[in-house]
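Asks: So I've got this file, entry_6.cif, and it contains mmCIF, C-alpha atoms and all ligand atoms:
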```cif
data_model
loop_
_atom_site.group_PDB
_atom_site.id
_atom_site.type_symbol
_atom_site.label_atom_id
_atom_site.label_comp_id
_atom_site.auth_asym_id
_atom_site.auth_seq_id
_atom_site.Cartn_x
_atom_site.Cartn_y
_atom_site.Cartn_z
ATOM 1 C CA MET W 27 14.918 -3.290 1.748
ATOM 2 C CA ASP W 28 13.466 -3.343 -1.765
ATOM 3 C CA VAL W 29 10.296 -1.243 -2.033
ATOM 4 C CA ARG W 30 7.884 -1.832 -4.889
ATOM 5 C CA VAL W 31 4.786 0.318 -5.393
ATOM 6 C CA ASN W 32 1.845 -0.850 -7.508
ATOM 7 C CA ALA W 33 -1.504 0.822 -8.102
ATOM 8 C CA ALA W 34 -4.351 0.828 -10.588
ATOM 9 C CA ILE W 35 -5.353 4.185 -12.040
ATOM 10 C CA SER W 36 -7.940 5.430 -14.502
ATOM 11 C CA ALA W 37 -6.774 6.970 -17.782
ATOM 12 C CA ASP W 38 -6.961 10.343 -15.994
ATOM 13 C CA GLY W 39 -4.730 9.171 -13.132
ATOM 14 C CA LYS W 40 -7.291 8.571 -10.369
ATOM 15 C CA LEU W 41 -7.101 5.756 -7.801
ATOM 16 C CA SER W 42 -10.817 5.964 -7.019
ATOM 17 C CA SER W 43 -13.680 8.460 -7.117
ATOM 18 C CA ARG W 44 -14.241 11.581 -5.016
ATOM 19 C CA ARG W 45 -16.309 9.361 -2.688
ATOM 20 C CA ARG W 46 -13.121 7.345 -1.991
ATOM 21 C CA GLU W 47 -15.033 4.103 -2.419
ATOM 22 C CA GLN W 48 -13.102 1.189 -3.860
ATOM 23 C CA ILE W 49 -13.461 1.011 -7.649
ATOM 24 C CA ALA W 50 -12.454 -2.088 -9.632
ATOM 25 C CA ILE W 51 -10.128 -0.405 -12.129
ATOM 26 C CA SER W 52 -8.191 -3.639 -12.647
ATOM 27 C CA GLY W 53 -9.732 -6.571 -14.456
ATOM 28 C CA GLU W 54 -9.426 -10.234 -13.484
ATOM 29 C CA ARG W 55 -5.933 -10.712 -14.961
ATOM 30 C CA ASP W 56 -4.559 -7.599 -13.335
ATOM 31 C CA PHE W 57 -5.926 -8.570 -9.908
ATOM 32 C CA ASP W 58 -4.224 -11.939 -10.454
ATOM 33 C CA ARG W 59 -0.940 -10.155 -11.322
ATOM 34 C CA VAL W 60 -1.236 -8.194 -8.065
ATOM 35 C CA ASP W 61 -1.927 -11.435 -6.155
ATOM 36 C CA GLY W 62 1.329 -12.796 -7.630
ATOM 37 C CA LEU W 63 3.219 -9.683 -6.486
ATOM 38 C CA ARG W 64 1.829 -10.113 -2.965
ATOM 39 C CA ALA W 65 3.038 -13.701 -2.999
ATOM 40 C CA GLU W 66 6.586 -12.556 -3.904
ATOM 41 C CA SER W 67 6.695 -10.109 -0.982
ATOM 42 C CA ASP W 68 7.533 -10.313 2.710
ATOM 43 C CA ALA W 69 4.978 -7.623 3.513
ATOM 44 C CA VAL W 70 2.152 -5.654 1.867
ATOM 45 C CA MET W 71 1.626 -2.026 2.912
ATOM 46 C CA VAL W 72 -1.175 0.536 2.679
ATOM 47 C CA GLY W 73 -2.015 3.800 4.451
ATOM 48 C CA VAL W 74 -4.815 4.059 6.976
ATOM 49 C CA GLY W 75 -6.849 5.998 4.373
ATOM 50 C CA THR W 76 -7.057 2.776 2.358
ATOM 51 C CA ILE W 77 -7.977 0.766 5.462
ATOM 52 C CA LEU W 78 -10.829 3.192 6.224
ATOM 53 C CA ALA W 79 -12.008 3.311 2.600
ATOM 54 C CA ASP W 80 -11.640 -0.324 1.505
ATOM 55 C CA ASN W 81 -11.080 -2.498 4.603
ATOM 56 C CA PRO W 82 -8.725 -4.799 2.617
ATOM 57 C CA SER W 83 -7.370 -8.056 4.043
ATOM 58 C CA LEU W 84 -4.127 -7.776 1.992
ATOM 59 C CA THR W 85 -3.806 -11.572 1.917
ATOM 60 C CA ILE W 86 -3.146 -13.888 -1.031
ATOM 61 C CA ASP W 87 -6.266 -15.069 -2.901
ATOM 62 C CA GLU W 88 -4.798 -18.018 -4.809
ATOM 63 C CA SER W 89 -4.321 -21.063 -2.554
ATOM 64 C CA GLU W 90 -1.600 -22.502 -4.844
ATOM 65 C CA ARG W 91 0.510 -19.417 -4.195
ATOM 66 C CA GLN W 92 0.012 -19.847 -0.451
ATOM 67 C CA GLU W 93 1.029 -23.509 -0.730
ATOM 68 C CA GLN W 94 4.167 -22.520 -2.654
ATOM 69 C CA ARG W 95 5.092 -20.091 0.101
ATOM 70 C CA ARG W 96 4.587 -22.778 2.777
ATOM 71 C CA GLN W 97 6.864 -25.099 0.792
ATOM 72 C CA ASN W 98 9.487 -22.344 0.743
ATOM 73 C CA GLY W 99 9.288 -22.118 4.540
ATOM 74 C CA GLN W 100 7.449 -18.779 4.444
ATOM 75 C CA PRO W 101 4.179 -17.871 6.163
ATOM 76 C CA GLU W 102 1.234 -18.516 3.809
ATOM 77 C CA ASN W 103 0.516 -14.775 3.630
ATOM 78 C CA PRO W 104 2.955 -11.865 3.702
ATOM 79 C CA ALA W 105 2.800 -9.565 6.713
ATOM 80 C CA ARG W 106 0.508 -6.511 6.541
ATOM 81 C CA VAL W 107 1.889 -3.010 7.208
ATOM 82 C CA VAL W 108 -0.355 0.006 7.853
ATOM 83 C CA ALA W 109 0.964 3.592 8.038
ATOM 84 C CA ASP W 110 -1.308 4.985 10.729
ATOM 85 C CA SER W 111 0.263 7.800 12.792
ATOM 86 C CA HIS W 112 -2.579 8.179 15.285
ATOM 87 C CA VAL W 113 -4.092 4.663 15.292
ATOM 88 C CA ARG W 114 -7.251 5.274 13.287
ATOM 89 C CA THR W 115 -7.380 1.628 12.188
ATOM 90 C CA PRO W 116 -10.723 0.277 13.504
ATOM 91 C CA PRO W 117 -10.395 -2.640 15.954
ATOM 92 C CA ASP W 118 -12.517 -4.804 13.626
ATOM 93 C CA ALA W 119 -10.411 -4.039 10.506
ATOM 94 C CA ALA W 120 -9.741 -7.076 8.302
ATOM 95 C CA VAL W 121 -5.951 -6.487 8.523
ATOM 96 C CA LEU W 122 -6.123 -7.302 12.235
ATOM 97 C CA ASP W 123 -7.395 -10.831 11.729
ATOM 98 C CA ASP W 124 -5.057 -13.752 12.405
ATOM 99 C CA SER W 125 -4.354 -14.700 8.783
ATOM 100 C CA ALA W 126 -1.011 -12.834 8.798
ATOM 101 C CA GLU W 127 1.297 -10.789 10.967
ATOM 102 C CA THR W 128 0.411 -7.065 11.108
ATOM 103 C CA TYR W 129 2.656 -4.067 11.723
ATOM 104 C CA LEU W 130 1.211 -0.655 12.544
ATOM 105 C CA LEU W 131 3.540 2.275 11.798
ATOM 106 C CA VAL W 132 2.479 4.974 14.242
ATOM 107 C CA SER W 133 3.985 8.276 15.450
ATOM 108 C CA ASP W 134 5.170 9.170 18.942
ATOM 109 C CA ALA W 135 1.876 11.105 19.306
ATOM 110 C CA ALA W 136 -0.246 7.956 18.971
ATOM 111 C CA PRO W 137 -2.636 7.609 21.962
ATOM 112 C CA SER W 138 -1.170 4.962 24.265
ATOM 113 C CA ASP W 139 -4.544 3.300 24.974
ATOM 114 C CA PHE W 140 -5.132 2.812 21.222
ATOM 115 C CA VAL W 141 -1.602 1.429 20.847
ATOM 116 C CA ALA W 142 -2.246 -1.010 23.715
ATOM 117 C CA GLN W 143 -5.509 -2.125 22.100
ATOM 118 C CA MET W 144 -3.743 -2.869 18.803
ATOM 119 C CA GLU W 145 -1.027 -4.820 20.614
ATOM 120 C CA GLU W 146 -3.689 -6.810 22.459
ATOM 121 C CA GLN W 147 -5.104 -7.717 19.071
ATOM 122 C CA GLY W 148 -1.730 -9.093 18.050
ATOM 123 C CA ALA W 149 -0.353 -6.215 15.975
ATOM 124 C CA THR W 150 3.278 -5.148 16.294
ATOM 125 C CA VAL W 151 3.420 -1.373 16.752
ATOM 126 C CA ILE W 152 6.442 0.573 15.455
ATOM 127 C CA ALA W 153 6.538 4.195 16.677
ATOM 128 C CA THR W 154 8.643 6.732 14.777
ATOM 129 C CA GLY W 155 8.276 10.454 13.997
ATOM 130 C CA GLU W 156 6.816 13.218 16.135
ATOM 131 C CA ASN W 157 3.337 13.584 14.662
ATOM 132 C CA ARG W 158 3.445 11.453 11.542
ATOM 133 C CA ALA W 159 5.078 8.059 11.138
ATOM 134 C CA ASP W 160 8.638 8.518 9.819
ATOM 135 C CA LEU W 161 8.621 5.936 7.059
ATOM 136 C CA ALA W 162 12.423 5.779 6.564
ATOM 137 C CA SER W 163 13.019 4.940 10.239
ATOM 138 C CA ALA W 164 10.050 2.590 10.351
ATOM 139 C CA PHE W 165 11.386 0.704 7.300
ATOM 140 C CA GLN W 166 14.729 0.174 9.068
ATOM 141 C CA GLU W 167 12.815 -1.426 11.919
ATOM 142 C CA LEU W 168 10.754 -3.539 9.515
ATOM 143 C CA ASP W 169 13.999 -4.648 7.894
ATOM 144 C CA SER W 170 15.215 -5.889 11.281
ATOM 145 C CA HIS W 171 12.012 -7.989 11.461
ATOM 146 C CA GLY W 172 13.023 -9.688 8.180
ATOM 147 C CA VAL W 173 11.021 -7.583 5.710
ATOM 148 C CA GLU W 174 13.300 -7.442 2.674
ATOM 149 C CA GLN W 175 10.670 -7.173 -0.096
ATOM 150 C CA LEU W 176 7.974 -4.608 0.683
ATOM 151 C CA PHE W 177 4.993 -4.272 -1.660
ATOM 152 C CA VAL W 178 3.030 -1.021 -1.345
ATOM 153 C CA GLU W 179 -0.520 -0.850 -2.747
ATOM 154 C CA GLY W 180 -1.401 2.761 -1.859
ATOM 155 C CA GLY W 181 -3.093 5.024 -1.455
ATOM 156 C CA GLY W 182 -2.035 8.333 -2.918
ATOM 157 C CA GLU W 183 -0.913 9.999 0.327
ATOM 158 C CA VAL W 184 1.409 7.181 1.290
ATOM 159 C CA ILE W 185 2.787 6.782 -2.230
ATOM 160 C CA TYR W 186 3.625 10.514 -2.362
ATOM 161 C CA SER W 187 5.406 10.315 1.011
ATOM 162 C CA LEU W 188 7.447 7.352 -0.153
ATOM 163 C CA PHE W 189 8.600 9.256 -3.248
ATOM 164 C CA GLU W 190 9.295 12.352 -1.123
ATOM 165 C CA ASP W 191 11.493 10.247 1.170
ATOM 166 C CA GLU W 192 13.207 8.570 -1.851
ATOM 167 C CA LEU W 193 12.170 5.135 -0.605
ATOM 168 C CA VAL W 194 10.695 3.680 -3.815
ATOM 169 C CA ASP W 195 12.780 1.313 -5.970
ATOM 170 C CA ARG W 196 10.183 0.161 -8.505
ATOM 171 C CA LEU W 197 6.773 1.402 -9.608
ATOM 172 C CA SER W 198 4.151 -0.478 -11.603
ATOM 173 C CA VAL W 199 0.900 1.101 -12.700
ATOM 174 C CA PHE W 200 -2.114 -0.546 -14.295
ATOM 175 C CA VAL W 201 -3.851 2.093 -16.423
ATOM 176 C CA GLY W 202 -7.471 1.087 -16.928
ATOM 177 C CA SER W 203 -9.640 2.226 -19.810
ATOM 178 C CA LEU W 204 -11.981 4.529 -17.932
ATOM 179 C CA VAL W 205 -12.170 8.142 -16.810
ATOM 180 C CA ILE W 206 -13.079 8.883 -13.185
ATOM 181 C CA GLY W 207 -12.486 12.626 -12.927
ATOM 182 C CA GLY W 208 -13.009 14.867 -9.907
ATOM 183 C CA ARG W 209 -10.563 17.380 -8.444
ATOM 184 C CA ASP W 210 -10.919 15.717 -5.047
ATOM 185 C CA ALA W 211 -10.545 12.152 -6.253
ATOM 186 C CA PRO W 212 -7.287 10.533 -5.055
ATOM 187 C CA THR W 213 -4.469 10.222 -7.582
ATOM 188 C CA LEU W 214 -1.375 8.018 -7.712
ATOM 189 C CA ALA W 215 0.675 10.578 -5.731
ATOM 190 C CA ASP W 216 -1.188 13.189 -3.684
ATOM 191 C CA GLY W 217 0.360 14.890 -0.623
ATOM 192 C CA ASP W 218 1.645 18.440 -1.224
ATOM 193 C CA GLY W 219 3.015 17.549 -4.660
ATOM 194 C CA PHE W 220 6.480 18.330 -6.000
ATOM 195 C CA ILE W 221 7.338 21.711 -7.501
ATOM 196 C CA GLU W 222 10.939 20.821 -8.396
ATOM 197 C CA ASP W 223 13.289 17.851 -8.193
ATOM 198 C CA PHE W 224 10.534 15.611 -9.560
ATOM 199 C CA PRO W 225 11.259 11.929 -8.986
ATOM 200 C CA GLN W 226 12.500 10.500 -12.269
ATOM 201 C CA LEU W 227 11.446 7.107 -13.635
ATOM 202 C CA GLU W 228 12.983 4.821 -16.250
ATOM 203 C CA LEU W 229 10.349 2.958 -18.256
ATOM 204 C CA ASP W 230 11.162 -0.750 -18.214
ATOM 205 C CA THR W 231 8.201 -2.622 -19.767
ATOM 206 C CA VAL W 232 4.762 -1.934 -21.226
ATOM 207 C CA THR W 233 2.305 -4.857 -21.258
ATOM 208 C CA GLN W 234 -1.320 -5.002 -22.298
ATOM 209 C CA VAL W 235 -3.396 -6.656 -19.533
ATOM 210 C CA ASP W 236 -7.204 -6.963 -19.612
ATOM 211 C CA ASP W 237 -8.465 -3.811 -21.333
ATOM 212 C CA GLY W 238 -5.618 -1.732 -19.963
ATOM 213 C CA VAL W 239 -1.851 -1.506 -19.832
ATOM 214 C CA VAL W 240 0.753 -2.174 -17.150
ATOM 215 C CA LEU W 241 3.680 0.252 -17.071
ATOM 216 C CA GLU W 242 6.719 -0.897 -15.098
ATOM 217 C CA TYR W 243 9.335 1.618 -14.043
ATOM 218 C CA ASP W 244 12.628 1.660 -12.171
ATOM 219 C CA VAL W 245 12.917 4.702 -9.936
ATOM 220 C CA LEU W 246 16.078 6.741 -10.461
ATOM 221 C CA ASN W 247 16.835 7.868 -6.888
HETATM 222 N N1 LIG J 301 -6.669 1.833 -7.357
HETATM 223 C C1 LIG J 301 -5.757 1.395 -6.510
HETATM 224 O O1 LIG J 301 -4.802 0.687 -6.870
HETATM 225 C C2 LIG J 301 -5.861 1.763 -5.070
HETATM 226 C C3 LIG J 301 -6.807 2.668 -4.661
HETATM 227 N N2 LIG J 301 -6.845 3.080 -3.348
HETATM 228 C C4 LIG J 301 -7.803 4.145 -3.013
HETATM 229 O O2 LIG J 301 -7.078 5.245 -2.467
HETATM 230 C C5 LIG J 301 -7.896 5.930 -1.513
HETATM 231 C C6 LIG J 301 -7.126 6.064 -0.233
HETATM 232 O O3 LIG J 301 -5.979 6.839 -0.472
HETATM 233 P P1 LIG J 301 -5.518 7.973 0.535
HETATM 234 O O4 LIG J 301 -6.727 8.676 1.046
HETATM 235 O O5 LIG J 301 -4.471 8.745 -0.136
HETATM 236 O O6 LIG J 301 -4.989 7.154 1.761
HETATM 237 P P2 LIG J 301 -3.657 6.327 2.081
HETATM 238 O O7 LIG J 301 -4.012 4.899 2.048
HETATM 239 O O8 LIG J 301 -2.490 6.818 1.313
HETATM 240 O O9 LIG J 301 -3.486 6.719 3.616
HETATM 241 C C7 LIG J 301 -3.167 8.048 3.940
HETATM 242 C C8 LIG J 301 -3.002 8.179 5.416
HETATM 243 O O10 LIG J 301 -1.874 7.429 5.851
HETATM 244 C C9 LIG J 301 -1.413 7.985 7.060
HETATM 245 N N3 LIG J 301 0.040 8.099 7.115
HETATM 246 C C10 LIG J 301 0.823 7.674 8.117
HETATM 247 N N4 LIG J 301 2.084 7.978 7.897
HETATM 248 C C11 LIG J 301 2.128 8.615 6.742
HETATM 249 C C12 LIG J 301 3.184 9.189 6.028
HETATM 250 N N5 LIG J 301 4.440 9.176 6.454
HETATM 251 N N6 LIG J 301 2.884 9.779 4.862
HETATM 252 C C13 LIG J 301 1.618 9.801 4.398
HETATM 253 N N7 LIG J 301 0.565 9.272 5.052
HETATM 254 C C14 LIG J 301 0.823 8.694 6.230
HETATM 255 C C15 LIG J 301 -2.018 9.402 7.132
HETATM 256 O O11 LIG J 301 -2.983 9.404 8.160
HETATM 257 P P3 LIG J 301 -2.464 9.775 9.634
HETATM 258 O O12 LIG J 301 -1.889 11.156 9.559
HETATM 259 O O13 LIG J 301 -3.668 9.656 10.484
HETATM 260 O O14 LIG J 301 -1.427 8.768 9.923
HETATM 261 C C16 LIG J 301 -2.705 9.583 5.805
HETATM 262 O O15 LIG J 301 -3.863 10.359 5.892
HETATM 263 C C17 LIG J 301 -9.158 5.107 -1.367
HETATM 264 O O16 LIG J 301 -10.172 5.713 -2.146
HETATM 265 C C18 LIG J 301 -8.788 3.750 -1.950
HETATM 266 O O17 LIG J 301 -9.891 3.091 -2.504
HETATM 267 C C19 LIG J 301 -5.985 2.584 -2.413
HETATM 268 C C20 LIG J 301 -5.062 1.647 -2.767
HETATM 269 C C21 LIG J 301 -4.913 1.160 -4.118
HETATM 270 N N1 LIG J 302 -4.592 -3.351 -8.007
HETATM 271 C C1 LIG J 302 -5.776 -2.779 -7.705
HETATM 272 N N2 LIG J 302 -6.678 -2.543 -8.664
HETATM 273 C C2 LIG J 302 -7.833 -1.942 -8.374
HETATM 274 O O1 LIG J 302 -8.697 -1.725 -9.353
HETATM 275 C C3 LIG J 302 -8.133 -1.576 -7.045
HETATM 276 N N3 LIG J 302 -9.323 -0.986 -6.734
HETATM 277 C C4 LIG J 302 -7.160 -1.859 -6.065
HETATM 278 N N4 LIG J 302 -7.403 -1.513 -4.787
HETATM 279 C C5 LIG J 302 -6.626 -2.058 -3.715
HETATM 280 O O2 LIG J 302 -6.648 -3.461 -3.715
HETATM 281 C C6 LIG J 302 -6.532 -3.933 -2.393
HETATM 282 C C7 LIG J 302 -7.690 -4.842 -2.077
HETATM 283 O O3 LIG J 302 -7.300 -5.665 -1.053
HETATM 284 P P1 LIG J 302 -8.047 -7.058 -0.776
HETATM 285 O O4 LIG J 302 -7.700 -7.960 -1.937
HETATM 286 O O5 LIG J 302 -9.488 -6.725 -0.653
HETATM 287 O O6 LIG J 302 -7.426 -7.525 0.461
HETATM 288 C C8 LIG J 302 -6.486 -2.745 -1.503
HETATM 289 O O7 LIG J 302 -5.175 -2.363 -1.241
HETATM 290 C C9 LIG J 302 -7.222 -1.755 -2.380
HETATM 291 O O8 LIG J 302 -7.206 -0.483 -2.036
HETATM 292 N N5 LIG J 302 -5.993 -2.456 -6.410
#
```
Show me the file's structure as structure tokens.

Replies:
Amino acid sequence: MDVRVNAAISADGKLSSRRREQIAISGERDFDRVDGLRAESDAVMVGVGTILADNPSLTIDESERQEQRRQNGQPENPARVVADSHVRTPPDAAVLDDSAETYLLVSDAAPSDFVAQMEEQGATVIATGENRADLASAFQELDSHGVEQLFVEGGGEVIYSLFEDELVDRLSVFVGSLVIGGRDAPTLADGDGFIEDFPQLELDTVTQVDDGVVLEYDVLN
């Protein structure tokens, strides 16, 4: 499986404010670039923190891109994947609507009644890991469901875990021209943080988009 991570950060590296409300860091062209990346993917992934904060649908906005996918024999939207060890995704979350397939990556500790409720709503539940979803094992299972190109949009906890588990192949970052600040505001990679063996990146391209810049990296695992 090829795993691509993309996120938009402020010039000081924040994904949003300390209130964890969604902030439009990207401009119109960058959101369109992200829509194009969704369209190239088999599945789009976020952590449950992003579901609770933003309630995204993770579907494709541009109908021409959906039409192109249909012509290629693909579903009009990529599948949605949520890392959610204990099933905190609300039953009325937008990712549970019927516009695309949805996978919930839970842990073995996930309450069985919550799991059953998600399955009733049409989600496919993949259980790995004792208390927290084991992303490496879950990705093997996703691969067996035909997910070859996985596009991860955040947030900072999930992105850190993916780097920790050496699962990221490519990283793109839109750096917007604003400062958000706040020691408790989420950053591109949160979690415990690395103190050695820092993941190394190779800068591939730098492109000005809107009033910001997109940095594209290969990850040197
Ligand atoms: N600017 C941008 O591009 C983006 C910004 N955001 C912003 O980011 C913020 C949300 O980020 P954040 O709070 O970090 O949340 P995340 O979306 O990263 O979700 C984190 C949660 O995912 C669950 N999880 C399940 N398995 C794992 C695992 N193996 N490793 C890590 N986490 C796992 C954990 O909950 P549990 O233990 O219950 O499973 C964890 O608390 C919001 O403010 C949102 O607006 C989000 C996306 C893009
Ligand atoms: N690329 C990007 N730029 C920003 O400025 C953002 N705030 C985000 N946030 C993420 O975008 C997704 C929105 O999903 P929907 O289009 O509403 O389905 C979601 O993953 C946000 O957290 N992204």

Asks: Mind pulling up the distance from CA of Leu63 (chain W) to atom O5 of ligand LIG 301 (chain J)?

Replies: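 Answer for the atom O5 of ligand LIG 301 (chain J) to CA of Leu63 (chain W) separation: 21.0 Å.
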
Asks: Which polymer residues have any atom within 8 Å of an atom of Asp191 (chain W), counting all atoms listed in the file, with same-chain residues fewer than 3 positions away left out, as a PDB file with C-alpha atoms, keeping the file's coordinate frame?

Replies:
```pdb
ATOM      1  CA  LEU W 161       8.621   5.936   7.059  1.00  0.00           C
ATOM      2  CA  ALA W 162      12.423   5.779   6.564  1.00  0.00           C
ATOM      3  CA  SER W 187       5.406  10.315   1.011  1.00  0.00           C
ATOM      4  CA  LEU W 188       7.447   7.352  -0.153  1.00  0.00           C
TER       5      LEU W 188
END
```

Asks: Enumerate, as a VMD selection string, the residues matched when the PyMOL selection byres (((chain W and resi 195) around 8) and not hetatm) is run on the file above.

Replies: chain W and resid 28 to 30 193 to 194 196 to 197 244 to 247

Asks: Can I get the residues close to ligand LIG 301 (chain J) as a PyMOL selection string, where close means within 7 Å and we count all atoms listed in the file?

Replies: chain W and resi 32-35+41-43+46-49+51+72-77+79-80+109-114+132+158-161+179-185+187+212+216

Asks: For Gly155 (chain W), which residue among W:Asp237, W:Asp134, W:Asp38, W:Asp68 is the nearest when counting only C-alpha atoms?

Replies: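 When distances to Gly155 (chain W) are compared using only C-alpha atoms, the smallest one comes from W:Asp134.
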
Asks: Around all the atoms of ligand LIG 302 (chain J) listed in the file, draw an axis-aligned box and extend it by 4 Å on each of the six sides; I want its centre and edge lengths in Å to one decimal, as AutoDock Vina command-line options.

Replies:
```
--center_x -7.0 --center_y -4.2 --center_z -4.4 --size_x 12.9 --size_y 15.5 --size_z 17.8
```

Asks: Which neighbours of Val235 (chain W) fall inside 7 Å, counting only C-alpha atoms, when residues of the same chain fewer than 5 positions from it are skipped, and could you give them as a list of chain:residue names?

Replies: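 Residues meeting the cut-off are W:Arg55, W:Asp56, W:Val240.
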
Asks: Selected by the PyMOL selection byres (((chain W and resi 225) around 9) and not hetatm) in the shown coordinates: which residues, as number ranges by chain?

Replies: W: 189-190, 192, 220, 222-224, 226-227, 245-247

Asks: Please, which residues are within 7 Å of (-9.2, -5.9, 7.9) by the file's coordinates, counting all atoms listed in the file, and could they come as a ChimeraX atom specification?

Replies: /W:81-83,118-123

Asks: Of the candidates W:Asp87, W:Glu146, W:Glu66, W:Glu93, which shows the shortest atom-to-atom distance to ligand LIG 302 (chain J), using all atoms listed in the file?

Replies: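 Nearest to ligand LIG 302 (chain J): W:Asp87.
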
Asks: Of the candidates W:Gln147, W:Asp169, W:Val178, W:Gly217, which one gets nearest to ligand LIG 302 (chain J) if we count only C-alpha atoms and all ligand atoms?

Replies: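 Once distances to ligand LIG 302 (chain J) are computed over only C-alpha atoms and all ligand atoms, the minimum belongs to W:Val178.
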
Asks: Tell me which of W:Gly39, W:Ile221, W:Gln100, W:Val31 sits closest to Leu204 (chain W), counting all atoms listed in the file.

Replies: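 Closest to Leu204 (chain W) of all the choices is W:Gly39.
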
Asks: Within 7 Å of Gly238 (chain W), counting all atoms listed in the file, which residues show up once you throw out same-chain ones fewer than 6 positions away? Write them as an NGL selection string, please.

Replies: :W and (200-203)

Asks: Let me know the residues the PyMOL selection byres (((chain W and resi 70) around 8) and not hetatm) catches in the file above, as a PDB file with C-alpha atoms, keeping the file's coordinate frame.

Replies:
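The new file part10.pdb reads:
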```pdb
ATOM      1  CA  ARG W  64       1.829 -10.113  -2.965  1.00  0.00           C
ATOM      2  CA  SER W  67       6.695 -10.109  -0.982  1.00  0.00           C
ATOM      3  CA  ASP W  68       7.533 -10.313   2.710  1.00  0.00           C
ATOM      4  CA  ALA W  69       4.978  -7.623   3.513  1.00  0.00           C
ATOM      5  CA  MET W  71       1.626  -2.026   2.912  1.00  0.00           C
ATOM      6  CA  VAL W  72      -1.175   0.536   2.679  1.00  0.00           C
ATOM      7  CA  LEU W  84      -4.127  -7.776   1.992  1.00  0.00           C
ATOM      8  CA  PRO W 104       2.955 -11.865   3.702  1.00  0.00           C
ATOM      9  CA  ALA W 105       2.800  -9.565   6.713  1.00  0.00           C
ATOM     10  CA  ARG W 106       0.508  -6.511   6.541  1.00  0.00           C
ATOM     11  CA  VAL W 107       1.889  -3.010   7.208  1.00  0.00           C
ATOM     12  CA  LEU W 176       7.974  -4.608   0.683  1.00  0.00           C
ATOM     13  CA  PHE W 177       4.993  -4.272  -1.660  1.00  0.00           C
ATOM     14  CA  VAL W 178       3.030  -1.021  -1.345  1.00  0.00           C
ATOM     15  CA  GLU W 179      -0.520  -0.850  -2.747  1.00  0.00           C
TER      16      GLU W 179
END
```

Asks: So, with all atoms listed in the file as the atoms that count, which of W:Ala215, W:Ile206, W:Leu78, W:Leu168 lies closest to Leu131 (chain W)?

Replies: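 The closest residue to Leu131 (chain W) is W:Leu168.
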